[in-house]
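Novice: File model-v1.txt below, compact mmCIF, C-alpha atoms and all ligand atoms:
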```txt
# COMPACT_ATOMS: atom_id res chain seq x y z
CA MET U 1 18.22 -12.13 -10.57
CA VAL U 2 15.31 -9.83 -11.38
CA GLU U 3 11.72 -11.05 -11.32
CA ILE U 4 9.30 -9.28 -13.64
CA VAL U 5 5.57 -8.94 -13.15
CA ASN U 6 3.63 -7.45 -16.05
CA VAL U 7 0.62 -5.23 -15.50
CA PRO U 8 -1.00 -5.69 -18.93
CA LEU U 9 -3.55 -2.87 -18.91
CA PRO U 10 -4.41 -2.26 -22.56
CA GLY U 11 -2.48 0.75 -23.87
CA ARG U 12 -0.86 1.42 -20.48
CA GLU U 13 1.01 -1.80 -19.82
CA TYR U 14 4.05 -1.67 -17.58
CA GLN U 15 6.48 -3.86 -15.75
CA VAL U 16 7.21 -4.22 -12.07
CA ARG U 17 10.84 -5.33 -11.77
CA ILE U 18 11.73 -6.90 -8.44
CA GLY U 19 15.21 -7.76 -7.22
CA GLN U 20 18.45 -6.59 -5.70
CA GLY U 21 20.54 -3.65 -6.88
CA LEU U 22 17.89 -2.00 -9.07
CA ILE U 23 18.49 1.52 -7.72
CA GLY U 24 22.17 1.26 -8.59
CA ARG U 25 21.18 0.23 -12.12
CA ALA U 26 18.28 2.68 -12.42
CA GLY U 27 19.73 4.47 -15.44
CA ALA U 28 19.97 1.32 -17.53
CA GLU U 29 16.52 0.20 -16.32
CA ILE U 30 14.73 3.40 -17.34
CA ALA U 31 16.77 4.72 -20.28
CA SER U 32 14.37 3.34 -22.89
CA LEU U 33 11.46 5.30 -21.34
CA LEU U 34 13.15 8.67 -21.66
CA ASP U 35 13.03 11.08 -24.59
CA ARG U 36 15.88 13.11 -23.08
CA PRO U 37 18.43 12.10 -20.43
CA ARG U 38 17.09 13.90 -17.37
CA VAL U 39 14.52 13.18 -14.70
CA ALA U 40 12.89 15.04 -11.81
CA VAL U 41 12.78 13.03 -8.58
CA LEU U 42 10.29 13.52 -5.77
CA THR U 43 11.38 11.97 -2.50
CA ASP U 44 11.37 12.61 1.25
CA GLU U 45 14.17 13.66 3.55
CA ASN U 46 14.59 10.24 5.23
CA VAL U 47 14.59 8.26 2.01
CA ALA U 48 16.94 10.77 0.38
CA ALA U 49 19.48 10.25 3.18
CA HIS U 50 19.52 6.50 2.47
CA HIS U 51 19.04 6.17 -1.27
CA LEU U 52 19.29 9.41 -3.25
CA ALA U 53 23.06 9.29 -3.79
CA ALA U 54 22.79 5.69 -5.06
CA LEU U 55 19.98 6.69 -7.44
CA LYS U 56 21.98 9.66 -8.72
CA ALA U 57 24.99 7.43 -9.36
CA GLY U 58 22.83 4.76 -10.99
CA LEU U 59 21.26 7.30 -13.33
CA GLY U 60 24.62 8.96 -13.99
CA ASP U 61 26.07 5.64 -15.16
CA ALA U 62 23.62 5.81 -18.07
CA GLY U 63 24.29 9.53 -18.67
CA ILE U 64 21.00 10.62 -17.08
CA THR U 65 21.00 13.75 -14.90
CA MET U 66 18.50 14.33 -12.12
CA SER U 67 17.23 17.04 -9.84
CA ALA U 68 15.37 16.20 -6.65
CA LEU U 69 12.82 17.76 -4.33
CA LYS U 70 12.97 16.42 -0.79
CA LEU U 71 9.65 16.72 1.00
CA PRO U 72 9.20 16.12 4.73
CA ALA U 73 8.68 12.45 5.65
CA GLY U 74 5.28 11.40 6.98
CA GLU U 75 1.59 11.20 6.23
CA THR U 76 1.02 14.98 6.65
CA THR U 77 2.98 15.46 3.42
CA LYS U 78 0.00 13.99 1.52
CA THR U 79 -1.79 17.35 1.62
CA TRP U 80 -2.50 20.31 -0.71
CA PRO U 81 0.45 22.49 0.38
CA HIS U 82 3.03 19.81 -0.42
CA LEU U 83 1.25 18.82 -3.62
CA SER U 84 1.28 22.40 -4.89
CA ARG U 85 4.92 22.75 -3.86
CA ALA U 86 5.76 19.58 -5.81
CA VAL U 87 3.84 20.63 -8.92
CA GLU U 88 5.32 24.14 -8.91
CA TRP U 89 8.81 22.70 -8.43
CA LEU U 90 8.26 20.34 -11.40
CA LEU U 91 7.22 23.35 -13.50
CA ALA U 92 10.20 25.39 -12.26
CA GLU U 93 12.41 22.45 -13.29
CA LYS U 94 10.87 22.78 -16.74
CA THR U 95 9.46 19.27 -16.70
CA GLU U 96 8.02 18.72 -20.15
CA ARG U 97 5.04 16.75 -21.38
CA ARG U 98 7.28 13.87 -22.54
CA ASP U 99 9.41 13.70 -19.36
CA VAL U 100 9.16 11.13 -16.62
CA VAL U 101 8.73 12.04 -12.94
CA VAL U 102 10.39 9.64 -10.53
CA ALA U 103 8.81 8.81 -7.16
CA LEU U 104 11.52 7.60 -4.77
CA GLY U 105 9.94 6.69 -1.46
CA GLY U 106 7.19 4.89 0.38
CA GLY U 107 3.45 5.09 -0.05
CA VAL U 108 3.18 8.78 0.82
CA ILE U 109 5.69 9.91 -1.81
CA GLY U 110 4.38 7.44 -4.40
CA ASP U 111 0.79 8.64 -3.97
CA LEU U 112 1.72 12.32 -3.98
CA ALA U 113 4.20 12.12 -6.87
CA GLY U 114 1.79 10.05 -8.96
CA PHE U 115 -0.98 12.59 -8.38
CA ALA U 116 1.38 15.49 -9.15
CA ALA U 117 2.32 13.72 -12.41
CA SER U 118 -1.34 13.11 -13.25
CA ILE U 119 -2.21 16.83 -13.12
CA LEU U 120 1.04 18.33 -14.41
CA ARG U 121 0.50 19.53 -17.98
CA ARG U 122 -2.69 17.37 -17.99
CA GLY U 123 -0.66 14.26 -17.26
CA VAL U 124 2.99 13.27 -17.57
CA ARG U 125 4.42 9.81 -17.11
CA PHE U 126 5.92 8.74 -13.81
CA MET U 127 7.77 5.79 -12.42
CA GLN U 128 7.86 4.37 -8.95
CA ILE U 129 10.92 3.33 -6.97
CA PRO U 130 9.19 2.12 -3.79
CA THR U 131 11.41 2.06 -0.72
CA SER U 132 9.11 0.44 1.83
CA LEU U 133 7.73 -3.09 1.81
CA LEU U 134 4.22 -1.67 1.88
CA ALA U 135 4.87 0.42 -1.22
CA GLN U 136 6.57 -2.46 -3.04
CA VAL U 137 3.69 -4.88 -2.56
CA ASP U 138 0.77 -2.51 -2.73
CA SER U 139 0.77 1.24 -3.24
CA SER U 140 3.33 1.51 -6.07
CA VAL U 141 1.30 -0.81 -8.30
CA GLY U 142 -2.15 -0.17 -9.69
CA GLY U 143 -2.25 3.57 -10.28
CA LYS U 144 -4.13 4.86 -7.25
CA THR U 145 -2.63 8.27 -6.55
CA GLY U 146 -3.71 11.13 -4.34
CA ILE U 147 -3.60 13.08 -1.13
CA ASN U 148 -5.61 13.22 2.07
CA ALA U 149 -8.42 15.65 2.90
CA PRO U 150 -9.43 16.85 6.36
CA GLN U 151 -12.50 14.62 5.82
CA GLY U 152 -10.44 11.44 5.34
CA LYS U 153 -7.54 9.66 3.70
CA ASN U 154 -7.04 9.50 -0.07
CA LEU U 155 -10.23 11.44 -0.81
CA ILE U 156 -8.54 13.62 -3.46
CA GLY U 157 -6.80 11.84 -6.29
CA ALA U 158 -6.72 10.17 -9.66
CA PHE U 159 -6.07 6.83 -11.29
CA HIS U 160 -2.74 7.32 -13.04
CA GLN U 161 -0.69 4.23 -13.81
CA PRO U 162 3.10 4.37 -13.54
CA SER U 163 5.19 3.57 -16.61
CA LEU U 164 7.59 1.37 -14.64
CA VAL U 165 8.08 0.17 -11.07
CA LEU U 166 11.53 -0.74 -9.76
CA ALA U 167 11.21 -2.64 -6.48
CA ASP U 168 14.78 -2.90 -5.23
CA THR U 169 14.62 -5.49 -2.47
CA ASP U 170 17.97 -4.34 -1.02
CA VAL U 171 16.18 -1.29 0.38
CA LEU U 172 14.16 -3.56 2.67
CA SER U 173 17.31 -4.12 4.76
CA THR U 174 17.37 -0.40 5.62
CA LEU U 175 13.87 -0.51 7.14
CA PRO U 176 13.32 -0.50 10.89
CA ARG U 177 11.74 -3.81 11.94
CA ARG U 178 8.47 -2.09 12.76
CA ASP U 179 8.18 -0.63 9.24
CA PHE U 180 9.02 -3.97 7.68
CA LEU U 181 6.35 -5.75 9.72
CA ALA U 182 3.80 -3.04 8.92
CA GLY U 183 4.42 -3.73 5.22
CA TYR U 184 4.15 -7.43 5.94
CA GLY U 185 0.54 -6.75 7.02
CA GLU U 186 -0.22 -6.02 3.35
CA VAL U 187 1.64 -9.18 2.24
CA VAL U 188 -0.45 -11.36 4.56
CA LYS U 189 -3.54 -9.63 3.23
CA TYR U 190 -2.96 -11.16 -0.22
CA GLY U 191 -2.89 -14.69 1.20
CA LEU U 192 -5.98 -13.99 3.27
CA LEU U 193 -7.97 -12.48 0.44
CA GLY U 194 -7.26 -14.90 -2.32
CA ASP U 195 -4.60 -17.57 -1.88
CA ILE U 196 -4.51 -20.00 1.03
CA ASP U 197 -1.36 -21.66 -0.36
CA PHE U 198 0.43 -18.33 -0.18
CA PHE U 199 -0.81 -17.82 3.38
CA GLN U 200 0.52 -21.27 4.27
CA TRP U 201 3.84 -20.39 2.59
CA LEU U 202 3.96 -17.21 4.70
CA GLU U 203 3.27 -19.19 7.87
CA GLN U 204 6.36 -21.21 7.03
CA ASN U 205 8.59 -18.51 5.53
CA GLY U 206 7.41 -15.25 7.17
CA PRO U 207 9.86 -15.43 10.10
CA ALA U 208 12.85 -16.06 7.77
CA MET U 209 11.64 -13.25 5.53
CA ALA U 210 11.51 -10.84 8.47
CA ALA U 211 14.98 -11.99 9.55
CA GLY U 212 16.39 -11.02 6.16
CA ASP U 213 16.11 -14.06 3.86
CA MET U 214 16.44 -12.33 0.48
CA ALA U 215 15.09 -15.17 -1.66
CA ALA U 216 11.97 -15.29 0.53
CA ARG U 217 11.59 -11.50 0.34
CA ILE U 218 11.79 -11.48 -3.45
CA GLN U 219 9.37 -14.39 -3.70
CA ALA U 220 6.86 -12.71 -1.35
CA VAL U 221 7.04 -9.35 -3.16
CA ARG U 222 6.72 -11.05 -6.57
CA HIS U 223 3.71 -13.11 -5.52
CA SER U 224 1.97 -10.14 -3.89
CA VAL U 225 2.55 -7.92 -6.93
CA GLN U 226 1.34 -10.66 -9.29
CA MET U 227 -1.87 -10.98 -7.28
CA LYS U 228 -2.31 -7.22 -7.32
CA SER U 229 -1.66 -7.03 -11.05
CA ASP U 230 -4.25 -9.74 -11.74
CA ILE U 231 -6.86 -7.87 -9.73
CA VAL U 232 -6.04 -4.43 -11.17
CA VAL U 233 -6.21 -5.74 -14.72
CA ARG U 234 -9.66 -7.22 -14.00
CA ASP U 235 -10.95 -4.05 -12.33
CA GLU U 236 -8.71 -1.00 -12.61
CA THR U 237 -11.14 1.55 -11.21
CA GLU U 238 -12.62 -0.56 -8.41
CA GLN U 239 -16.07 -1.27 -9.73
CA GLY U 240 -15.89 -4.77 -8.28
CA ASP U 241 -13.02 -7.15 -7.45
CA ARG U 242 -10.42 -4.50 -6.70
CA ALA U 243 -12.29 -3.78 -3.47
CA LEU U 244 -10.96 -7.14 -2.22
CA LEU U 245 -7.62 -5.37 -1.77
CA ASN U 246 -9.35 -3.43 0.98
CA LEU U 247 -9.62 -6.48 3.23
CA GLY U 248 -9.14 -5.17 6.77
CA HIS U 249 -9.13 -1.55 5.57
CA THR U 250 -12.54 -0.39 6.81
CA PHE U 251 -11.49 -1.29 10.36
CA CYS U 252 -8.00 0.02 9.67
CA HIS U 253 -9.11 3.44 8.48
CA ALA U 254 -11.32 3.90 11.55
CA LEU U 255 -8.45 2.89 13.83
CA GLU U 256 -5.97 5.14 12.03
CA SER U 257 -8.37 8.04 12.30
CA ALA U 258 -8.95 7.30 16.01
CA THR U 259 -5.19 7.19 16.67
CA GLY U 260 -4.32 10.28 14.64
CA TYR U 261 -2.55 8.63 11.65
CA GLY U 262 0.72 8.49 13.51
CA GLU U 263 3.12 6.58 15.73
CA ARG U 264 0.42 4.74 17.67
CA LEU U 265 -0.68 2.73 14.66
CA MET U 266 1.03 2.47 11.29
CA HIS U 267 -1.16 1.79 8.27
CA GLY U 268 0.11 -1.76 7.74
CA GLU U 269 -0.35 -2.53 11.42
CA GLY U 270 -3.95 -1.34 11.15
CA VAL U 271 -4.41 -3.57 8.09
CA ALA U 272 -3.21 -6.60 10.06
CA VAL U 273 -5.52 -5.84 13.00
CA GLY U 274 -8.31 -5.08 10.51
CA CYS U 275 -7.82 -8.42 8.73
CA ALA U 276 -8.04 -10.27 12.05
CA LEU U 277 -11.24 -8.34 12.86
CA ALA U 278 -12.71 -9.05 9.41
CA PHE U 279 -12.13 -12.78 9.96
CA GLU U 280 -13.63 -12.55 13.45
CA ALA U 281 -16.73 -10.84 12.00
CA SER U 282 -16.91 -13.46 9.25
CA ALA U 283 -16.81 -16.24 11.84
CA GLN U 284 -19.50 -14.50 13.94
CA LEU U 285 -21.68 -14.30 10.84
CA GLY U 286 -21.20 -18.03 10.27
CA LEU U 287 -19.35 -17.43 6.99
CA CYS U 288 -16.14 -19.18 8.05
CA SER U 289 -15.08 -21.45 10.87
CA GLN U 290 -13.92 -20.04 14.22
CA GLU U 291 -10.53 -21.64 13.53
CA ASP U 292 -9.85 -19.19 10.71
CA PRO U 293 -9.60 -16.01 12.82
CA SER U 294 -7.56 -17.96 15.36
CA ARG U 295 -5.16 -19.07 12.63
CA VAL U 296 -4.87 -15.51 11.25
CA ARG U 297 -4.08 -14.18 14.72
CA ALA U 298 -1.63 -16.97 15.47
CA HIS U 299 0.42 -16.12 12.39
CA LEU U 300 0.40 -12.38 13.11
CA ARG U 301 1.44 -13.08 16.71
CA ALA U 302 4.21 -15.42 15.56
CA MET U 303 5.52 -12.55 13.46
CA GLY U 304 5.48 -10.22 16.48
CA MET U 305 2.75 -8.05 14.99
CA LYS U 306 -0.17 -6.16 16.46
CA THR U 307 -3.20 -8.43 16.24
CA ASP U 308 -5.99 -7.14 18.45
CA LEU U 309 -7.37 -3.82 19.65
CA ALA U 310 -5.60 -4.59 22.95
CA ASP U 311 -2.26 -4.13 21.15
CA ILE U 312 -3.00 -0.50 20.23
CA PRO U 313 -1.65 1.84 22.91
CA GLY U 314 -3.69 4.74 24.34
CA ASP U 315 -7.41 5.44 24.36
CA LEU U 316 -9.79 4.28 21.63
CA PRO U 317 -13.39 5.37 21.04
CA ASP U 318 -16.12 2.92 21.98
CA ALA U 319 -17.66 0.62 19.35
CA ASP U 320 -20.18 3.26 18.23
CA GLY U 321 -17.40 5.83 17.88
CA LEU U 322 -15.43 3.40 15.70
CA LEU U 323 -18.54 2.61 13.63
CA ASP U 324 -19.05 6.35 13.05
CA LEU U 325 -15.49 6.61 11.78
CA MET U 326 -16.11 3.63 9.48
CA ALA U 327 -19.16 5.36 8.07
CA GLN U 328 -16.90 8.20 6.86
CA ASP U 329 -14.79 5.79 4.82
CA LYS U 330 -15.04 6.22 1.08
CA LYS U 331 -16.08 2.58 0.81
CA VAL U 332 -19.53 3.63 1.89
CA VAL U 333 -22.00 3.13 -0.98
CA ASP U 334 -25.52 4.54 -0.71
CA GLY U 335 -24.89 5.01 3.00
CA LYS U 336 -24.34 1.25 3.53
CA LEU U 337 -21.15 -0.05 5.07
CA ARG U 338 -19.23 -2.22 2.68
CA PHE U 339 -16.94 -4.78 4.28
CA ILE U 340 -14.65 -7.36 2.82
CA LEU U 341 -15.54 -10.59 4.57
CA ALA U 342 -14.34 -14.14 4.02
CA ARG U 343 -15.74 -17.64 3.59
CA GLY U 344 -12.37 -18.97 4.68
CA ILE U 345 -8.69 -18.11 4.36
CA GLY U 346 -8.11 -17.11 0.73
CA GLN U 347 -11.83 -16.65 0.04
CA ALA U 348 -12.67 -13.00 0.57
CA PHE U 349 -15.70 -11.32 -0.97
CA VAL U 350 -17.38 -7.93 -0.95
CA ALA U 351 -20.33 -7.78 1.44
CA SER U 352 -22.31 -4.63 0.76
CA ASP U 353 -24.93 -4.66 3.48
CA VAL U 354 -23.37 -5.93 6.68
CA ASP U 355 -25.37 -6.00 9.88
CA THR U 356 -23.59 -3.40 11.99
CA ALA U 357 -24.79 -5.15 15.17
CA VAL U 358 -22.31 -7.95 14.45
CA ILE U 359 -19.47 -5.51 13.84
CA ARG U 360 -20.38 -3.71 17.09
CA GLN U 361 -20.31 -7.04 18.95
CA VAL U 362 -16.86 -7.92 17.58
CA LEU U 363 -15.52 -4.48 18.52
CA ASP U 364 -17.15 -4.57 21.98
CA ALA U 365 -15.58 -7.93 22.76
CA GLN U 366 -12.11 -6.69 21.80
CA LEU U 367 -12.50 -3.33 23.51
CA ALA U 368 -13.52 -5.12 26.72
CA ALA U 369 -10.28 -7.13 26.56
CA ARG U 370 -8.12 -3.98 26.48
CA PRO U 371 -6.10 -3.25 29.61
CA ALA U 372 -7.82 -0.63 31.81
N1 LIG Q 401 -4.39 -0.41 -2.06
C1 LIG Q 401 -5.62 -0.81 -2.60
C2 LIG Q 401 -5.69 -0.68 -4.08
O1 LIG Q 401 -4.71 -0.38 -4.71
O2 LIG Q 401 -6.75 -0.86 -4.63
```
What does this structure look like when you write it as structure tokens?
Specialist:
Amino acid sequence: MVEIVNVPLPGREYQVRIGQGLIGRAGAEIASLLDRPRVAVLTDENVAAHHLAALKAGLGDAGITMSALKLPAGETTKTWPHLSRAVEWLLAEKTERRDVVVALGGGVIGDLAGFAASILRRGVRFMQIPTSLLAQVDSSVGGKTGINAPQGKNLIGAFHQPSLVLADTDVLSTLPRRDFLAGYGEVVKYGLLGDIDFFQWLEQNGPAMAAGDMAARIQAVRHSVQMKSDIVVRDETEQGDRALLNLGHTFCHALESATGYGERLMHGEGVAVGCALAFEASAQLGLCSQEDPSRVRAHLRAMGMKTDLADIPGDLPDADGLLDLMAQDKKVVDGKLRFILARGIGQAFVASDVDTAVIRQVLDAQLAARPA
């Protein structure tokens, strides 16, 4: 059974199809988008080892041929050298204005391939086949594409909506547990930002989902994508509500920067820790009850996830150092730190002028609790 979420952006509407076996049926799923039966696939070496043969067979069943460029796996691929390599490869493959570029991979490949498609011949269509939970519930939907700059993550890019997203939930079984749980950080975020019933559902079903319950996985991906679609349709270019999707991200980006964007802290793990910190700050500011951050942490702990600064291995800067890193985030407007805070679980809002003393206090308390 395939669930479909529509992203009804006027003139650029597309579907997110969610379910099992979609990669093996990719040809039939995408045939109607193509003017000619060939596609260029951008992927990474790890994902290719798991899924490229299945995609090739699935396309071949519908008479579609493909060529693929395998980029190195990892965040450092989201940089100029790999972008130019991808764009020049697409040109060498004679990708035409009416062709469709396929992004097969997680958030890094989706962001890079989408950006490559947005600048190739002034914009060609692309489709996403997200292979991580994080990409299925967040980065493959909504059209944010781009690469990182030395000055920060995602500072170079474009809004370029995909023409189709195929979220094959079978791929989630190939993920290491840590990657799955990192993606789950983004799933929890949706409940926390706008839907307490979904959060409650996750409290009940999250453990089964992590253990492999396919119905629960499909339901969680569908609900997350529906929430994302609703927000993106209201505010595609993040003039307002879309910023709610950044719950936990101001903390997260500072922590990722402090830990070198690598093994010590995966993005989704940073989002989970960041959400817990955002609820702690909200409670300190008297916006929500003290029980809310405790409940957020209890669920993350029950899932075996990182929850507090104490769970991040290695050295961290002090609170001022982390605040400096936050100030470099692109969510800074007129020099003021913009945080997503909450009046309760499921009631997030954009706070544009937050008293940094409170944020410092929350960070200090958690840094003091770290093992020496
Ligand atoms: N990942 C946040 C957004 O798409 O706006």
Novice: Using CA of Thr79 (chain U) and CA of Val171 (chain U) as the two end points, give the distance in Å to one decimal.
Specialist: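 One can read the CA of Thr79 (chain U) to CA of Val171 (chain U) distance as 25.9 Å.
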Novice: At most 9 Å is the cut-off: for each residue in chain U with any atom that close to an atom of ligand LIG 401 (chain Q), write down the nearest atom pair and the distance in Å rounded to one decimal, counting only C-alpha atoms and all ligand atoms, chain first then increasing number, as a tab-separated table.
Specialist:
```
residue	atom	partner	partner_atom	distance
U:Asp138	CA	Q:LIG401	N1	5.6
U:Ser139	CA	Q:LIG401	N1	5.5
U:Ser140	CA	Q:LIG401	O1	8.4
U:Val141	CA	Q:LIG401	O1	7.0
U:Gly142	CA	Q:LIG401	O1	5.6
U:Gly143	CA	Q:LIG401	O1	7.3
U:Lys144	CA	Q:LIG401	O1	5.9
U:Glu186	CA	Q:LIG401	N1	8.8
U:Lys228	CA	Q:LIG401	O1	7.7
U:Ile231	CA	Q:LIG401	O2	8.7
U:Val232	CA	Q:LIG401	O2	7.5
U:Glu236	CA	Q:LIG401	O2	8.2
U:Thr237	CA	Q:LIG401	O2	8.3
U:Glu238	CA	Q:LIG401	O2	7.0
U:Arg242	CA	Q:LIG401	O2	5.6
U:Ala243	CA	Q:LIG401	O2	6.4
U:Leu244	CA	Q:LIG401	O2	7.9
U:Leu245	CA	Q:LIG401	C1	5.0
U:Asn246	CA	Q:LIG401	C1	5.8
U:His249	CA	Q:LIG401	C1	8.9
```
Novice: Could you dump the residues just selected with C-alpha atoms as a compact mmCIF listing (two decimals), in the coordinates of the input?
Specialist:
```txt
# COMPACT_ATOMS: atom_id res chain seq x y z
CA ASP U 138 0.77 -2.51 -2.73
CA SER U 139 0.77 1.24 -3.24
CA SER U 140 3.33 1.51 -6.07
CA VAL U 141 1.30 -0.81 -8.30
CA GLY U 142 -2.15 -0.17 -9.69
CA GLY U 143 -2.25 3.57 -10.28
CA LYS U 144 -4.13 4.86 -7.25
CA GLU U 186 -0.22 -6.02 3.35
CA LYS U 228 -2.31 -7.22 -7.32
CA ILE U 231 -6.86 -7.87 -9.73
CA VAL U 232 -6.04 -4.43 -11.17
CA GLU U 236 -8.71 -1.00 -12.61
CA THR U 237 -11.14 1.55 -11.21
CA GLU U 238 -12.62 -0.56 -8.41
CA ARG U 242 -10.42 -4.50 -6.70
CA ALA U 243 -12.29 -3.78 -3.47
CA LEU U 244 -10.96 -7.14 -2.22
CA LEU U 245 -7.62 -5.37 -1.77
CA ASN U 246 -9.35 -3.43 0.98
CA HIS U 249 -9.13 -1.55 5.57
```
Novice: Considering all atoms listed in the file, state which residue in the set U:Asp308, U:Glu269, U:Asp292, U:Glu3 is at the smallest distance from Val221 (chain U).
Specialist: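 For Val221 (chain U), the nearest of the given residues is U:Glu3.
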Novice: Can you work out which one of U:Arg338, U:Val124, U:Leu104, U:Val5 has the shortest atom-to-atom distance to Asn46 (chain U), counting all atoms listed in the file?
Specialist: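 Looking only at the distances to Asn46 (chain U), the closest residue turns out to be U:Leu104.
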Novice: Find the spatial neighbours of Gly74 (chain U), counting all atoms listed in the file, within a cut-off of 10 Å - ignore same-chain residues fewer than 3 positions away - and output them as a list in words.
Specialist: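 The neighbour list is Asp44, Glu45, Asn46, Leu71, Thr77, Lys78, Gly106, Gly107, Val108, Ile109, Tyr261 and Gly262 of chain U.
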Novice: So that I can see what lies close to Pro162 (chain U), please list as a list in words the residues with an atom at most 10 Å from it, counting all atoms listed in the file and leaving out residues fewer than 3 positions away in the same chain.
Specialist: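 My reading of the contact set: Arg12, Glu13, Tyr14, Gln15, Val16, Val100, Val101, Val102, Ala103, Gly110, Gly114, Ala117, Ser118, Val124, Arg125, Phe126, Met127, Gln128, Ser140, Val141, Gly142, Gly143, Lys144, Thr145, Phe159 and Val165 of chain U.
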Novice: Would you mind reading off the distance between CA of Leu193 (chain U) and CA of Ser294 (chain U), one decimal, in Å?
Specialist: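 Atom-to-atom, CA of Leu193 (chain U) and CA of Ser294 (chain U) are spaced 15.9 Å apart.
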Novice: Please measure the separation of CA of Ala182 (chain U) and CA of Glu256 (chain U), giving the value in Å to one decimal.
Specialist: 13.1 Å
Novice: Just checking: using all atoms listed in the file, which residue out of U:Ser67, U:Thr76, U:Thr259, U:Gln361 ends up closest to Ala149 (chain U)?
Specialist: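 Going through U:Ser67, U:Thr76, U:Thr259, U:Gln361 one by one, the smallest distance to Ala149 (chain U) is for U:Thr76.
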Novice: Please complete region 341-358 of chain U so it has N, CA and C atoms, and hand it over as an mmCIF file, in the frame of the given file.
Specialist:
```
data_model
loop_
_atom_site.group_PDB
_atom_site.id
_atom_site.type_symbol
_atom_site.label_atom_id
_atom_site.label_comp_id
_atom_site.auth_asym_id
_atom_site.auth_seq_id
_atom_site.Cartn_x
_atom_site.Cartn_y
_atom_site.Cartn_z
ATOM 1 N N LEU U 341 -15.449 -9.471 3.633
ATOM 2 C CA LEU U 341 -15.540 -10.590 4.570
ATOM 3 C C LEU U 341 -14.991 -11.837 3.889
ATOM 4 N N ALA U 342 -14.977 -12.951 4.598
ATOM 5 C CA ALA U 342 -14.340 -14.140 4.020
ATOM 6 C C ALA U 342 -15.114 -15.412 4.353
ATOM 7 N N ARG U 343 -15.138 -16.309 3.367
ATOM 8 C CA ARG U 343 -15.740 -17.640 3.590
ATOM 9 C C ARG U 343 -14.686 -18.629 4.050
ATOM 10 N N GLY U 344 -13.485 -18.138 4.242
ATOM 11 C CA GLY U 344 -12.370 -18.970 4.680
ATOM 12 C C GLY U 344 -11.095 -18.230 4.297
ATOM 13 N N ILE U 345 -9.945 -18.767 4.724
ATOM 14 C CA ILE U 345 -8.690 -18.110 4.360
ATOM 15 C C ILE U 345 -8.503 -18.238 2.851
ATOM 16 N N GLY U 346 -8.274 -17.102 2.193
ATOM 17 C CA GLY U 346 -8.110 -17.110 0.730
ATOM 18 C C GLY U 346 -9.433 -16.988 -0.013
ATOM 19 N N GLN U 347 -10.514 -16.736 0.710
ATOM 20 C CA GLN U 347 -11.830 -16.650 0.040
ATOM 21 C C GLN U 347 -12.598 -15.409 0.473
ATOM 22 N N ALA U 348 -12.009 -14.250 0.190
ATOM 23 C CA ALA U 348 -12.670 -13.000 0.570
ATOM 24 C C ALA U 348 -13.707 -12.611 -0.473
ATOM 25 N N PHE U 349 -14.688 -11.840 -0.044
ATOM 26 C CA PHE U 349 -15.700 -11.320 -0.970
ATOM 27 C C PHE U 349 -16.224 -9.992 -0.439
ATOM 28 N N VAL U 350 -16.858 -9.237 -1.335
ATOM 29 C CA VAL U 350 -17.380 -7.930 -0.950
ATOM 30 C C VAL U 350 -18.789 -8.109 -0.402
ATOM 31 N N ALA U 351 -18.988 -7.695 0.835
ATOM 32 C CA ALA U 351 -20.330 -7.780 1.440
ATOM 33 C C ALA U 351 -20.847 -6.353 1.568
ATOM 34 N N SER U 352 -21.934 -6.044 0.850
ATOM 35 C CA SER U 352 -22.310 -4.630 0.760
ATOM 36 C C SER U 352 -23.305 -4.181 1.815
ATOM 37 N N ASP U 353 -23.937 -5.085 2.496
ATOM 38 C CA ASP U 353 -24.930 -4.660 3.480
ATOM 39 C C ASP U 353 -24.756 -5.478 4.758
ATOM 40 N N VAL U 354 -23.710 -5.138 5.500
ATOM 41 C CA VAL U 354 -23.370 -5.930 6.680
ATOM 42 C C VAL U 354 -24.147 -5.425 7.884
ATOM 43 N N ASP U 355 -24.648 -6.354 8.669
ATOM 44 C CA ASP U 355 -25.370 -6.000 9.880
ATOM 45 C C ASP U 355 -24.386 -5.370 10.885
ATOM 46 N N THR U 356 -24.566 -4.078 11.133
ATOM 47 C CA THR U 356 -23.590 -3.400 11.990
ATOM 48 C C THR U 356 -23.621 -3.922 13.429
ATOM 49 N N ALA U 357 -24.724 -4.601 13.807
ATOM 50 C CA ALA U 357 -24.790 -5.150 15.170
ATOM 51 C C ALA U 357 -23.664 -6.170 15.372
ATOM 52 N N VAL U 358 -23.371 -6.931 14.333
ATOM 53 C CA VAL U 358 -22.310 -7.950 14.450
ATOM 54 C C VAL U 358 -20.946 -7.275 14.570
#
```
